[in-house]
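K.L.:
Following this line is structure.pdb, made up of PDB, C-alpha atoms (C1' of nucleotides):
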```pdb
ATOM      1  CA  MET A   1     -56.229 -29.715  55.928
ATOM      2  CA  LYS A   2     -54.776 -26.300  55.061
ATOM      3  CA  SER A   3     -54.766 -25.343  51.371
ATOM      4  CA  PRO A   4     -51.387 -25.290  49.620
ATOM      5  CA  GLN A   5     -51.804 -21.586  48.810
ATOM      6  CA  LYS A   6     -52.567 -20.699  52.411
ATOM      7  CA  ARG A   7     -49.618 -22.710  53.625
ATOM      8  CA  LEU A   8     -47.326 -20.982  51.120
ATOM      9  CA  ASP A   9     -48.520 -17.530  52.202
ATOM     10  CA  GLU A  10     -48.020 -18.498  55.810
ATOM     11  CA  ILE A  11     -44.371 -19.346  55.233
ATOM     12  CA  LEU A  12     -43.754 -16.354  52.953
ATOM     13  CA  SER A  13     -45.055 -13.908  55.527
ATOM     14  CA  LYS A  14     -42.884 -15.523  58.183
ATOM     15  CA  LEU A  15     -39.866 -15.094  55.919
ATOM     16  CA  ARG A  16     -40.747 -11.434  55.257
ATOM     17  CA  GLN A  17     -41.338 -10.828  58.932
ATOM     18  CA  ARG A  18     -37.861 -12.111  59.735
ATOM     19  CA  GLU A  19     -36.362 -10.128  56.855
ATOM     20  CA  PHE A  20     -35.294 -13.071  54.741
ATOM     21  CA  ARG A  21     -35.536 -12.413  51.029
ATOM     22  CA  ILE A  22     -38.233 -13.782  48.789
ATOM     23  CA  THR A  23     -36.504 -15.096  45.670
ATOM     24  CA  PRO A  24     -38.025 -16.944  42.720
ATOM     25  CA  GLN A  25     -35.985 -20.009  43.710
ATOM     26  CA  ARG A  26     -37.302 -19.973  47.257
ATOM     27  CA  ILE A  27     -40.872 -19.673  46.065
ATOM     28  CA  ALA A  28     -40.389 -22.549  43.634
ATOM     29  CA  ILE A  29     -38.756 -24.713  46.301
ATOM     30  CA  LEU A  30     -41.540 -23.964  48.778
ATOM     31  CA  LYS A  31     -44.189 -24.764  46.194
ATOM     32  CA  ALA A  32     -42.516 -28.065  45.366
ATOM     33  CA  PHE A  33     -42.354 -29.014  49.036
ATOM     34  CA  ILE A  34     -45.940 -28.010  49.731
ATOM     35  CA  ARG A  35     -47.574 -29.394  46.574
ATOM     36  CA  ASN A  36     -45.930 -32.744  47.093
ATOM     37  CA  ASP A  37     -47.608 -34.715  49.870
ATOM     38  CA  GLU A  38     -45.273 -37.684  49.373
ATOM     39  CA  HIS A  39     -42.728 -36.427  51.887
ATOM     40  CA  PRO A  40     -40.138 -35.716  49.194
ATOM     41  CA  SER A  41     -36.360 -35.827  49.455
ATOM     42  CA  VAL A  42     -34.149 -32.842  48.614
ATOM     43  CA  GLU A  43     -33.216 -34.571  45.371
ATOM     44  CA  GLN A  44     -36.865 -34.918  44.344
ATOM     45  CA  VAL A  45     -37.659 -31.287  45.092
ATOM     46  CA  HIS A  46     -34.572 -30.184  43.189
ATOM     47  CA  ALA A  47     -35.706 -32.162  40.130
ATOM     48  CA  GLN A  48     -39.164 -30.574  40.364
ATOM     49  CA  VAL A  49     -37.809 -27.036  40.712
ATOM     50  CA  LYS A  50     -35.408 -27.455  37.781
ATOM     51  CA  ILE A  51     -38.346 -27.867  35.398
ATOM     52  CA  ASN A  52     -39.097 -24.150  35.755
ATOM     53  CA  PHE A  53     -35.736 -22.878  37.004
ATOM     54  CA  PRO A  54     -33.127 -25.032  35.268
ATOM     55  CA  THR A  55     -30.127 -23.305  36.840
ATOM     56  CA  THR A  56     -31.224 -23.940  40.427
ATOM     57  CA  SER A  57     -28.500 -25.737  42.337
ATOM     58  CA  LEU A  58     -28.842 -28.551  44.827
ATOM     59  CA  ALA A  59     -26.963 -26.389  47.352
ATOM     60  CA  THR A  60     -29.718 -23.784  47.232
ATOM     61  CA  VAL A  61     -32.337 -26.409  48.004
ATOM     62  CA  TYR A  62     -30.282 -27.618  50.959
ATOM     63  CA  LYS A  63     -29.811 -24.037  52.160
ATOM     64  CA  THR A  64     -33.537 -23.420  51.912
ATOM     65  CA  VAL A  65     -34.267 -26.587  53.872
ATOM     66  CA  ASN A  66     -31.952 -25.388  56.630
ATOM     67  CA  LEU A  67     -33.630 -22.006  56.624
ATOM     68  CA  LEU A  68     -37.031 -23.678  56.950
ATOM     69  CA  LYS A  69     -35.742 -25.822  59.790
ATOM     70  CA  GLU A  70     -34.477 -22.694  61.579
ATOM     71  CA  ILE A  71     -37.847 -20.997  61.416
ATOM     72  CA  GLY A  72     -39.641 -24.249  62.294
ATOM     73  CA  GLU A  73     -41.594 -24.591  59.077
ATOM     74  CA  ILE A  74     -40.419 -28.022  57.922
ATOM     75  CA  LEU A  75     -40.187 -31.446  59.554
ATOM     76  CA  GLU A  76     -37.157 -33.583  58.776
ATOM     77  CA  LEU A  77     -37.592 -37.350  58.691
ATOM     78  CA  SER A  78     -34.376 -39.305  59.084
ATOM     79  CA  PHE A  79     -34.327 -42.719  57.485
ATOM     80  CA  PRO A  80     -32.137 -45.770  57.982
ATOM     81  CA  ASP A  81     -30.864 -45.402  54.403
ATOM     82  CA  GLY A  82     -29.446 -41.962  55.160
ATOM     83  CA  ARG A  83     -31.666 -40.064  52.749
ATOM     84  CA  ASN A  84     -33.744 -37.522  54.628
ATOM     85  CA  ARG A  85     -37.309 -36.759  53.623
ATOM     86  CA  TYR A  86     -39.410 -33.753  54.511
ATOM     87  CA  ASP A  87     -42.870 -32.705  55.520
ATOM     88  CA  CYS A  88     -43.533 -29.031  54.874
ATOM     89  CA  ARG A  89     -47.303 -29.242  55.278
ATOM     90  CA  LYS A  90     -47.269 -30.378  58.884
ATOM     91  CA  PRO A  91     -43.958 -29.152  60.325
ATOM     92  CA  TYR A  92     -44.674 -30.486  63.812
ATOM     93  CA  PRO A  93     -43.961 -34.048  65.069
ATOM     94  CA  HIS A  94     -46.557 -36.579  63.986
ATOM     95  CA  PRO A  95     -46.566 -40.316  63.177
ATOM     96  CA  HIS A  96     -45.770 -41.713  59.733
ATOM     97  CA  LEU A  97     -46.715 -44.986  58.161
ATOM     98  CA  ILE A  98     -44.235 -46.117  55.525
ATOM     99  CA  CYS A  99     -44.573 -48.930  52.997
ATOM    100  CA  ILE A 100     -41.237 -50.720  52.806
ATOM    101  CA  ASN A 101     -42.087 -51.915  49.306
ATOM    102  CA  CYS A 102     -43.362 -48.844  47.403
ATOM    103  CA  GLN A 103     -42.115 -46.195  49.860
ATOM    104  CA  ALA A 104     -45.567 -44.592  50.151
ATOM    105  CA  ILE A 105     -45.876 -42.475  53.279
ATOM    106  CA  LEU A 106     -49.174 -41.917  55.067
ATOM    107  CA  ASP A 107     -50.051 -39.861  58.135
ATOM    108  CA  PRO A 108     -52.119 -42.236  60.245
ATOM    109  CA  GLU A 109     -54.438 -41.054  62.996
ATOM    110  CA  VAL A 110     -53.040 -42.182  66.319
ATOM    111  CA  GLY A 111     -54.979 -41.210  69.390
ATOM    112  CA  SER A 112     -52.539 -41.936  72.145
ATOM    113  CA  VAL A 113     -49.310 -40.147  71.237
ATOM    114  CA  ALA A 114     -49.855 -37.178  73.534
ATOM    115  CA  ARG A 115     -50.833 -39.461  76.396
ATOM    116  CA  MET A 116     -47.747 -41.582  75.789
ATOM    117  CA  THR A 117     -45.484 -38.510  75.822
ATOM    118  CA  THR A 118     -46.925 -37.414  79.147
ATOM    119  CA  GLU A 119     -46.440 -40.924  80.519
ATOM    120  CA  VAL A 120     -42.765 -40.971  79.545
ATOM    121  CA  GLU A 121     -42.223 -37.429  80.821
ATOM    122  CA  GLN A 122     -43.634 -38.288  84.237
ATOM    123  CA  ASN A 123     -41.822 -41.612  84.598
ATOM    124  CA  SER A 124     -38.420 -40.341  83.489
ATOM    125  CA  GLY A 125     -38.212 -36.741  84.654
ATOM    126  CA  TYR A 126     -37.117 -35.687  81.145
ATOM    127  CA  ARG A 127     -38.675 -32.557  79.667
ATOM    128  CA  ILE A 128     -39.797 -33.849  76.271
ATOM    129  CA  LEU A 129     -39.624 -31.384  73.417
ATOM    130  CA  SER A 130     -40.317 -33.501  70.358
ATOM    131  CA  HIS A 131     -40.548 -37.033  69.119
ATOM    132  CA  GLN A 132     -40.276 -39.167  66.039
ATOM    133  CA  LEU A 133     -42.667 -42.034  65.380
ATOM    134  CA  GLU A 134     -42.511 -44.181  62.267
ATOM    135  CA  PHE A 135     -44.318 -47.399  61.462
ATOM    136  CA  PHE A 136     -42.821 -49.598  58.754
ATOM    137  CA  GLY A 137     -44.984 -52.109  56.947
ATOM    138  CA  VAL A 138     -46.609 -53.218  53.718
ATOM    139  CA  CYS A 139     -49.480 -51.189  52.295
ATOM    140  CA  PRO A 140     -52.704 -52.897  51.132
ATOM    141  CA  ALA A 141     -51.809 -52.533  47.430
ATOM    142  CA  CYS A 142     -48.373 -54.135  47.880
ATOM    143  CA  GLN A 143     -49.833 -56.956  49.974
ATOM    144  CA  ARG A 144     -51.863 -58.087  46.949
ATOM    145  CA  LYS A 145     -48.811 -58.480  44.715
TER     146      LYS A 145
ATOM    147  CA  MET B   1     -32.306 -58.114  81.574
ATOM    148  CA  LYS B   2     -30.135 -60.744  79.904
ATOM    149  CA  SER B   3     -26.506 -60.982  81.086
ATOM    150  CA  PRO B   4     -23.842 -59.736  78.663
ATOM    151  CA  GLN B   5     -22.245 -63.200  78.577
ATOM    152  CA  LYS B   6     -25.531 -64.896  77.737
ATOM    153  CA  ARG B   7     -26.265 -62.354  75.028
ATOM    154  CA  LEU B   8     -22.791 -62.880  73.527
ATOM    155  CA  ASP B   9     -23.233 -66.658  73.488
ATOM    156  CA  GLU B  10     -26.637 -66.235  71.896
ATOM    157  CA  ILE B  11     -25.186 -64.287  68.988
ATOM    158  CA  LEU B  12     -22.114 -66.516  68.648
ATOM    159  CA  SER B  13     -24.221 -69.659  68.369
ATOM    160  CA  LYS B  14     -26.392 -67.981  65.751
ATOM    161  CA  LEU B  15     -23.255 -67.113  63.763
ATOM    162  CA  ARG B  16     -21.952 -70.691  64.051
ATOM    163  CA  GLN B  17     -25.324 -72.102  63.104
ATOM    164  CA  ARG B  18     -25.326 -70.010  59.908
ATOM    165  CA  GLU B  19     -21.690 -70.932  59.222
ATOM    166  CA  PHE B  20     -20.227 -67.482  59.653
ATOM    167  CA  ARG B  21     -16.738 -67.512  61.122
ATOM    168  CA  ILE B  22     -15.911 -66.598  64.687
ATOM    169  CA  THR B  23     -12.876 -64.330  64.570
ATOM    170  CA  PRO B  24     -11.165 -62.495  67.428
ATOM    171  CA  GLN B  25     -12.243 -59.192  65.847
ATOM    172  CA  ARG B  26     -15.877 -60.234  65.689
ATOM    173  CA  ILE B  27     -15.834 -61.337  69.312
ATOM    174  CA  ALA B  28     -14.222 -58.060  70.371
ATOM    175  CA  ILE B  29     -16.725 -56.015  68.348
ATOM    176  CA  LEU B  30     -19.646 -57.970  69.792
ATOM    177  CA  LYS B  31     -18.347 -57.525  73.319
ATOM    178  CA  ALA B  32     -17.945 -53.788  72.800
ATOM    179  CA  PHE B  33     -21.497 -53.488  71.474
ATOM    180  CA  ILE B  34     -22.992 -55.588  74.252
ATOM    181  CA  ARG B  35     -20.978 -54.157  77.133
ATOM    182  CA  ASN B  36     -21.894 -50.622  76.163
ATOM    183  CA  ASP B  37     -25.483 -49.734  77.045
ATOM    184  CA  GLU B  38     -25.092 -46.184  75.733
ATOM    185  CA  HIS B  39     -26.240 -47.090  72.222
ATOM    186  CA  PRO B  40     -22.776 -46.568  70.769
ATOM    187  CA  SER B  41     -21.853 -45.409  67.293
ATOM    188  CA  VAL B  42     -19.583 -47.441  65.000
ATOM    189  CA  GLU B  43     -16.808 -44.968  65.728
ATOM    190  CA  GLN B  44     -17.116 -45.506  69.485
ATOM    191  CA  VAL B  45     -17.077 -49.288  69.169
ATOM    192  CA  HIS B  46     -14.066 -49.097  66.887
ATOM    193  CA  ALA B  47     -12.167 -47.021  69.472
ATOM    194  CA  GLN B  48     -13.051 -49.556  72.173
ATOM    195  CA  VAL B  49     -11.989 -52.550  70.079
ATOM    196  CA  LYS B  50      -8.677 -50.942  69.096
ATOM    197  CA  ILE B  51      -7.548 -50.973  72.736
ATOM    198  CA  ASN B  52      -7.079 -54.754  72.533
ATOM    199  CA  PHE B  53      -6.842 -55.201  68.755
ATOM    200  CA  PRO B  54      -5.016 -52.122  67.488
ATOM    201  CA  THR B  55      -5.037 -53.152  63.833
ATOM    202  CA  THR B  56      -8.820 -53.523  63.595
ATOM    203  CA  SER B  57     -10.170 -51.389  60.793
ATOM    204  CA  LEU B  58     -13.303 -49.282  60.744
ATOM    205  CA  ALA B  59     -14.421 -51.225  57.670
ATOM    206  CA  THR B  60     -14.479 -54.448  59.654
ATOM    207  CA  VAL B  61     -16.715 -52.880  62.285
ATOM    208  CA  TYR B  62     -19.082 -51.675  59.559
ATOM    209  CA  LYS B  63     -19.063 -55.106  57.938
ATOM    210  CA  THR B  64     -19.844 -56.740  61.266
ATOM    211  CA  VAL B  65     -22.716 -54.318  61.845
ATOM    212  CA  ASN B  66     -24.174 -55.273  58.485
ATOM    213  CA  LEU B  67     -23.782 -58.945  59.307
ATOM    214  CA  LEU B  68     -25.598 -58.413  62.610
ATOM    215  CA  LYS B  69     -28.366 -56.538  60.807
ATOM    216  CA  GLU B  70     -28.745 -59.420  58.355
ATOM    217  CA  ILE B  71     -29.195 -61.961  61.132
ATOM    218  CA  GLY B  72     -31.440 -59.595  63.087
ATOM    219  CA  GLU B  73     -29.218 -59.231  66.119
ATOM    220  CA  ILE B  74     -28.729 -55.476  66.200
ATOM    221  CA  LEU B  75     -31.057 -52.479  66.084
ATOM    222  CA  GLU B  76     -29.983 -49.464  64.058
ATOM    223  CA  LEU B  77     -31.073 -46.021  65.237
ATOM    224  CA  SER B  78     -30.983 -43.370  62.533
ATOM    225  CA  PHE B  79     -30.492 -39.817  63.658
ATOM    226  CA  PRO B  80     -31.071 -36.474  61.953
ATOM    227  CA  ASP B  81     -27.328 -35.775  62.142
ATOM    228  CA  GLY B  82     -26.555 -38.805  59.984
ATOM    229  CA  ARG B  83     -24.558 -40.702  62.608
ATOM    230  CA  ASN B  84     -26.216 -44.032  63.313
ATOM    231  CA  ARG B  85     -26.207 -45.569  66.748
ATOM    232  CA  TYR B  86     -26.842 -49.167  67.716
ATOM    233  CA  ASP B  87     -28.558 -51.337  70.271
ATOM    234  CA  CYS B  88     -27.191 -54.856  70.360
ATOM    235  CA  ARG B  89     -28.771 -55.804  73.677
ATOM    236  CA  LYS B  90     -32.351 -55.385  72.557
ATOM    237  CA  PRO B  91     -32.304 -55.850  68.766
ATOM    238  CA  TYR B  92     -36.078 -55.439  68.410
ATOM    239  CA  PRO B  93     -37.974 -52.132  68.032
ATOM    240  CA  HIS B  94     -38.472 -50.267  71.304
ATOM    241  CA  PRO B  95     -38.763 -46.612  72.332
ATOM    242  CA  HIS B  96     -35.775 -44.410  73.113
ATOM    243  CA  LEU B  97     -35.513 -41.279  75.180
ATOM    244  CA  ILE B  98     -32.697 -39.012  74.073
ATOM    245  CA  CYS B  99     -31.284 -35.956  75.830
ATOM    246  CA  ILE B 100     -30.621 -33.296  73.200
ATOM    247  CA  ASN B 101     -28.015 -31.741  75.459
ATOM    248  CA  CYS B 102     -25.783 -34.600  76.677
ATOM    249  CA  GLN B 103     -26.922 -37.242  74.131
ATOM    250  CA  ALA B 104     -27.751 -39.779  76.880
ATOM    251  CA  ILE B 105     -30.105 -42.468  75.633
ATOM    252  CA  LEU B 106     -32.557 -44.253  77.907
ATOM    253  CA  ASP B 107     -35.054 -47.039  77.226
ATOM    254  CA  PRO B 108     -38.264 -45.797  78.830
ATOM    255  CA  GLU B 109     -41.109 -48.102  79.750
ATOM    256  CA  VAL B 110     -44.044 -47.319  77.527
ATOM    257  CA  GLY B 111     -47.146 -49.388  78.023
ATOM    258  CA  SER B 112     -49.151 -48.598  74.947
ATOM    259  CA  VAL B 113     -46.839 -49.170  71.963
ATOM    260  CA  ALA B 114     -48.264 -52.573  71.048
ATOM    261  CA  ARG B 115     -51.817 -51.260  71.364
ATOM    262  CA  MET B 116     -50.940 -48.268  69.191
ATOM    263  CA  THR B 117     -49.443 -50.511  66.502
ATOM    264  CA  THR B 118     -52.610 -52.614  66.418
ATOM    265  CA  GLU B 119     -54.709 -49.448  66.185
ATOM    266  CA  VAL B 120     -52.738 -48.170  63.174
ATOM    267  CA  GLU B 121     -52.766 -51.607  61.537
ATOM    268  CA  GLN B 122     -56.551 -51.870  61.780
ATOM    269  CA  ASN B 123     -57.275 -48.315  60.646
ATOM    270  CA  SER B 124     -54.895 -48.340  57.673
ATOM    271  CA  GLY B 125     -54.882 -51.890  56.354
ATOM    272  CA  TYR B 126     -51.074 -51.859  56.397
ATOM    273  CA  ARG B 127     -49.305 -54.942  57.718
ATOM    274  CA  ILE B 128     -46.889 -53.373  60.209
ATOM    275  CA  LEU B 129     -43.530 -55.072  60.594
ATOM    276  CA  SER B 130     -41.545 -52.667  62.714
ATOM    277  CA  HIS B 131     -41.471 -49.160  64.059
ATOM    278  CA  GLN B 132     -39.192 -46.471  65.335
ATOM    279  CA  LEU B 133     -40.096 -44.326  68.321
ATOM    280  CA  GLU B 134     -37.829 -41.667  69.733
ATOM    281  CA  PHE B 135     -38.517 -38.995  72.300
ATOM    282  CA  PHE B 136     -36.211 -35.964  72.330
ATOM    283  CA  GLY B 137     -35.895 -33.866  75.438
ATOM    284  CA  VAL B 138     -33.724 -32.654  78.285
ATOM    285  CA  CYS B 139     -32.710 -35.091  81.009
ATOM    286  CA  PRO B 140     -33.065 -34.151  84.711
ATOM    287  CA  ALA B 141     -29.317 -33.533  85.123
ATOM    288  CA  CYS B 142     -29.169 -31.150  82.153
ATOM    289  CA  GLN B 143     -32.292 -29.302  83.328
ATOM    290  CA  ARG B 144     -30.436 -28.250  86.473
ATOM    291  CA  LYS B 145     -27.603 -26.586  84.580
TER     292      LYS B 145
ATOM    293  C1'  DA C   1      -7.033 -76.691  51.455
ATOM    294  C1'  DT C   2     -10.217 -73.478  50.687
ATOM    295  C1'  DA C   3     -13.574 -70.399  51.333
ATOM    296  C1'  DC C   4     -14.360 -66.493  53.972
ATOM    297  C1'  DA C   5     -12.755 -62.354  56.898
ATOM    298  C1'  DT C   6      -9.547 -58.588  57.399
ATOM    299  C1'  DG C   7      -7.418 -54.164  56.427
ATOM    300  C1'  DC C   8      -6.099 -50.781  53.488
ATOM    301  C1'  DA C   9      -7.250 -47.338  50.181
ATOM    302  C1'  DA C  10     -10.375 -45.589  47.076
ATOM    303  C1'  DA C  11     -15.170 -44.794  46.010
ATOM    304  C1'  DA C  12     -19.815 -43.545  46.906
ATOM    305  C1'  DC C  13     -23.234 -40.955  48.992
ATOM    306  C1'  DA C  14     -25.731 -37.075  51.155
ATOM    307  C1'  DT C  15     -24.832 -32.773  52.951
ATOM    308  C1'  DT C  16     -22.061 -28.469  53.945
ATOM    309  C1'  DT C  17     -19.015 -24.704  52.995
ATOM    310  C1'  DG C  18     -16.224 -20.879  50.623
ATOM    311  C1'  DC C  19     -16.335 -17.609  47.502
ATOM    312  C1'  DA C  20     -17.236 -14.849  43.396
ATOM    313  C1'  DT C  21     -21.280 -13.187  41.114
ATOM    314  C1'  DA C  22     -26.160 -11.934  40.851
ATOM    315  C1'  DA C  23     -30.181  -9.825  42.545
ATOM    316  C1'  DG C  24     -33.899  -8.468  46.239
ATOM    317  C1'  DA C  25     -34.913  -4.719  49.466
TER     318       DA C  25
ATOM    319  C1'  DT D   1     -26.743   0.854  47.202
ATOM    320  C1'  DC D   2     -25.935  -2.619  50.183
ATOM    321  C1'  DT D   3     -26.693  -6.710  52.046
ATOM    322  C1'  DT D   4     -28.141 -11.310  51.292
ATOM    323  C1'  DA D   5     -28.982 -15.332  48.060
ATOM    324  C1'  DT D   6     -27.323 -18.092  44.342
ATOM    325  C1'  DG D   7     -24.465 -21.428  41.980
ATOM    326  C1'  DC D   8     -20.426 -23.634  41.297
ATOM    327  C1'  DA D   9     -16.801 -26.482  43.003
ATOM    328  C1'  DA D  10     -14.389 -28.258  46.634
ATOM    329  C1'  DA D  11     -14.681 -30.120  51.273
ATOM    330  C1'  DT D  12     -16.766 -32.972  54.844
ATOM    331  C1'  DG D  13     -18.324 -36.998  57.270
ATOM    332  C1'  DT D  14     -20.260 -41.460  57.208
ATOM    333  C1'  DT D  15     -20.679 -45.709  55.109
ATOM    334  C1'  DT D  16     -19.474 -48.999  51.274
ATOM    335  C1'  DT D  17     -16.585 -51.471  48.065
ATOM    336  C1'  DG D  18     -12.495 -53.797  45.640
ATOM    337  C1'  DC D  19      -8.839 -56.398  46.229
ATOM    338  C1'  DA D  20      -4.657 -58.563  47.985
ATOM    339  C1'  DT D  21      -3.454 -60.888  52.132
ATOM    340  C1'  DG D  22      -4.432 -63.471  56.229
ATOM    341  C1'  DT D  23      -6.898 -66.999  58.839
ATOM    342  C1'  DA D  24     -10.831 -70.047  60.710
ATOM    343  C1'  DT D  25     -12.730 -74.258  59.657
TER     344       DT D  25
END
```
Take the structure in this file and express it as structure tokens.
P.N.:
Amino acid sequence: MKSPQKRLDEILSKLRQREFRITPQRIAILKAFIRNDEHPSVEQVHAQVKINFPTTSLATVYKTVNLLKEIGEILELSFPDGRNRYDCRKPYPHPHLICINCQAILDPEVGSVARMTTEVEQNSGYRILSHQLEFFGVCPACQRK
Amino acid sequence: MKSPQKRLDEILSKLRQREFRITPQRIAILKAFIRNDEHPSVEQVHAQVKINFPTTSLATVYKTVNLLKEIGEILELSFPDGRNRYDCRKPYPHPHLICINCQAILDPEVGSVARMTTEVEQNSGYRILSHQLEFFGVCPACQRK
DNA sequence: ATACATGCAAAACATTTGCATAAGA
DNA sequence: TCTTATGCAAATGTTTTGCATGTAT
């Protein structure tokens, strides 16, 4: 697991390299996304950022998310309820395990995803570029309630 | 593969059994969902239904979708673009293969989904109830362009 | 007859956009 | 300085809701 600081530097240097500007808001938004391993929503990150930068607007957070999507440094998770959540630590496709009771999100180890992708690619003739894999269930803690 | 007529009767008898009313609009909406194997959006089904029932409102289609979700007879696919699409033929979780160019949706055969679910269940302690698995790529026809 | 479904319009919700102002390079 | 980012408000697009009217049972 990469350290939050390393991950932040990684993204910052990519932004510099592509001549995007490093603003206090962007740094704060990035930190909020990276520090939070709960796959936060835009709303949650905005709330976090406003603690230190009270004037930060929701629009700026959305614009930053789109910028991060463009440079491939954030993964967007679309949910049935229409509220997207994000993974800025691992911006590449990977499985998620979601508790439908407490909304906790885990990254389970799944051995066979790559194999499965190859299988589908060969059977269908599609060139597969990405995927989305979510498991919905009840976590151990919520099962006990 | 179940015949469209059989699938329609299946849903209608479930509605009757639960004492929901069978209206011409509901039948038309169901037929549009079942006839269409392209995983249509609400908008698309509404357009189809309006050919025979021009006064049908979008709200009624949405309400019917929610009714079908309640009784477990439709599968909702959430997309990053925020436009949901539906599968009323196979209302249980199954993989989808989506062309990012022409939006075609296929149901690929994937052997190892059940095995993978069991693997995640055992490693995590979660009780898994459903999943969502989408592959995004370019279909053979679009690759040639 | 009566409860439920429909259809319209308005509301709700997340997200995007336009534009004047502020600020990084 | 000069271009890009911010923040506000308004716009967008999808889905939901309230309510009067219509209709299946």
K.L.:
Would you pick out the contacts of segment 7-17 of chain C at 12 Å or less, using only C-alpha atoms (C1' of nucleotides), so that residues sharing its chain but fewer than 6 positions from it are not included, and give the list as number ranges by chain?
P.N.:
A: 41-43, 58-63, 65-66, 78, 81-85; B: 25, 54-61, 63, 80-82; D: 8-22
K.L.:
I'd like the residues picked by the PyMOL selection byres ((chain B and resi 100-105) around 8) written out as a PDB file with C-alpha atoms, in the frame of the given file, using the chain letters and numbers from the file.
P.N.:
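Dumped everything to selection.pdb:
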```
ATOM      1  CA  GLU B  38     -25.092 -46.184  75.733  1.00  0.00           C
ATOM      2  CA  HIS B  39     -26.240 -47.090  72.222  1.00  0.00           C
ATOM      3  CA  HIS B  96     -35.775 -44.410  73.113  1.00  0.00           C
ATOM      4  CA  LEU B  97     -35.513 -41.279  75.180  1.00  0.00           C
ATOM      5  CA  ILE B  98     -32.697 -39.012  74.073  1.00  0.00           C
ATOM      6  CA  CYS B  99     -31.284 -35.956  75.830  1.00  0.00           C
ATOM      7  CA  LEU B 106     -32.557 -44.253  77.907  1.00  0.00           C
ATOM      8  CA  ASP B 107     -35.054 -47.039  77.226  1.00  0.00           C
ATOM      9  CA  PHE B 136     -36.211 -35.964  72.330  1.00  0.00           C
ATOM     10  CA  GLY B 137     -35.895 -33.866  75.438  1.00  0.00           C
ATOM     11  CA  VAL B 138     -33.724 -32.654  78.285  1.00  0.00           C
ATOM     12  CA  CYS B 139     -32.710 -35.091  81.009  1.00  0.00           C
ATOM     13  CA  CYS B 142     -29.169 -31.150  82.153  1.00  0.00           C
TER      14      CYS B 142
END
```
K.L.:
What would the selection look like, as a list in words, if the PyMOL selection byres ((chain C) within 8 of (chain B)) were run on the coordinates I just shared?
P.N.:
DC4, DA5, DT6 and DG7 of chain C
K.L.:
I'd like the residues picked by the PyMOL selection byres ((chain C and resi 20) around 10) written out as a PyMOL selection string, using the chain letters and numbers from the file.
P.N.:
(chain C and resi 18-19+21-22) or (chain D and resi 7-8)
K.L.:
Identify which of the residues B:Gln143, B:Asn36, B:Gln17, B:Gln5 lies closest to Tyr86 of chain B, counting all atoms listed in the file when measuring atom-to-atom distances.
P.N.:
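Comparing B:Gln143, B:Asn36, B:Gln17, B:Gln5 against Tyr86 of chain B, the winner is B:Asn36.
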K.L.:
For Val113 of chain B, please output as a VMD selection string all residues within 9 Å (counting all atoms listed in the file; exclusion window: fewer than 5 positions along the same chain).
P.N.:
(chain A and resid 116) or (chain B and resid 94 to 95 118)
K.L.:
Rounded to one decimal place, report the atom CA of Tyr126 of chain B-atom CA of Val110 of chain A distance in Å.
P.N.:
14.0 Å
K.L.:
Starting from 5 Å padding per side, set up an axis-aligned box that covers all listed atoms of segment 71-77 of chain A and hand over centre and edge lengths in Å, one decimal, as AutoDock Vina command-line options.
P.N.:
```
--center_x -39.4 --center_y -29.2 --center_z 60.1 --size_x 14.4 --size_y 26.4 --size_z 14.4
```
K.L.:
Could I get the residues of chain D with an atom no further than 8 Å from an atom of chain A, each paired with its nearest atom pair and that distance in Å to one decimal, using all atoms listed in the file, sorted by chain and residue number, as a tab-separated table?
P.N.:
```
residue	atom	partner	partner_atom	distance
D:DT4	C1'	A:Arg21	CA	7.5
D:DA5	C1'	A:Arg21	CA	7.8
D:DT6	C1'	A:Thr60	CA	6.8
D:DG7	C1'	A:Ser57	CA	5.9
```
K.L.:
Grab the residues selected above and save them as a PDB file, in the coordinates of the input with C-alpha atoms (C1' of nucleotides).
P.N.:
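Okay, this is what ended up in result-v6.pdb:
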```
ATOM      1  C1'  DT D   4     -28.141 -11.310  51.292  1.00  0.00           C
ATOM      2  C1'  DA D   5     -28.982 -15.332  48.060  1.00  0.00           C
ATOM      3  C1'  DT D   6     -27.323 -18.092  44.342  1.00  0.00           C
ATOM      4  C1'  DG D   7     -24.465 -21.428  41.980  1.00  0.00           C
TER       5       DG D   7
END
```
K.L.:
What is the atom CA of His131 of chain A to atom CA of Tyr92 of chain B distance in Å?
P.N.:
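It comes out at 19.0 Å.
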K.L.:
Can you pull out the residues contacting Asn52 of chain B? Cut-off 12 Å, using all atoms listed in the file, and skip same-chain residues under 2 positions away; I want them as number ranges by chain.
P.N.:
B: 24-25, 27-29, 31-32, 45-50, 54-56
K.L.:
Would you pick out the contacts of Leu75 of chain A at 8 Å or less, using all atoms listed in the file, so that residues sharing its chain but fewer than 2 positions from it are not included, and give the list as number ranges by chain?
P.N.:
A: 69, 72-73, 77, 86-88, 90-93
K.L.:
For chain B, which residue out of A:Arg127, A:Arg7, A:Lys14, A:Arg115 is the nearest one, using all atoms listed in the file?
P.N.:
A:Arg127
K.L.:
In Å, how far is it from atom CA of Lys6 of chain A to atom CA of Gly111 of chain A?
P.N.:
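One can read the atom CA of Lys6 of chain A to atom CA of Gly111 of chain A distance as 26.7 Å.
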K.L.:
Which residue, B:Arg35, B:Arg89, B:Arg144, B:Arg16, has the smallest gap to chain A when you use all atoms listed in the file?
P.N.:
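Counting all atoms listed in the file, the residue closest to chain A is B:Arg144.
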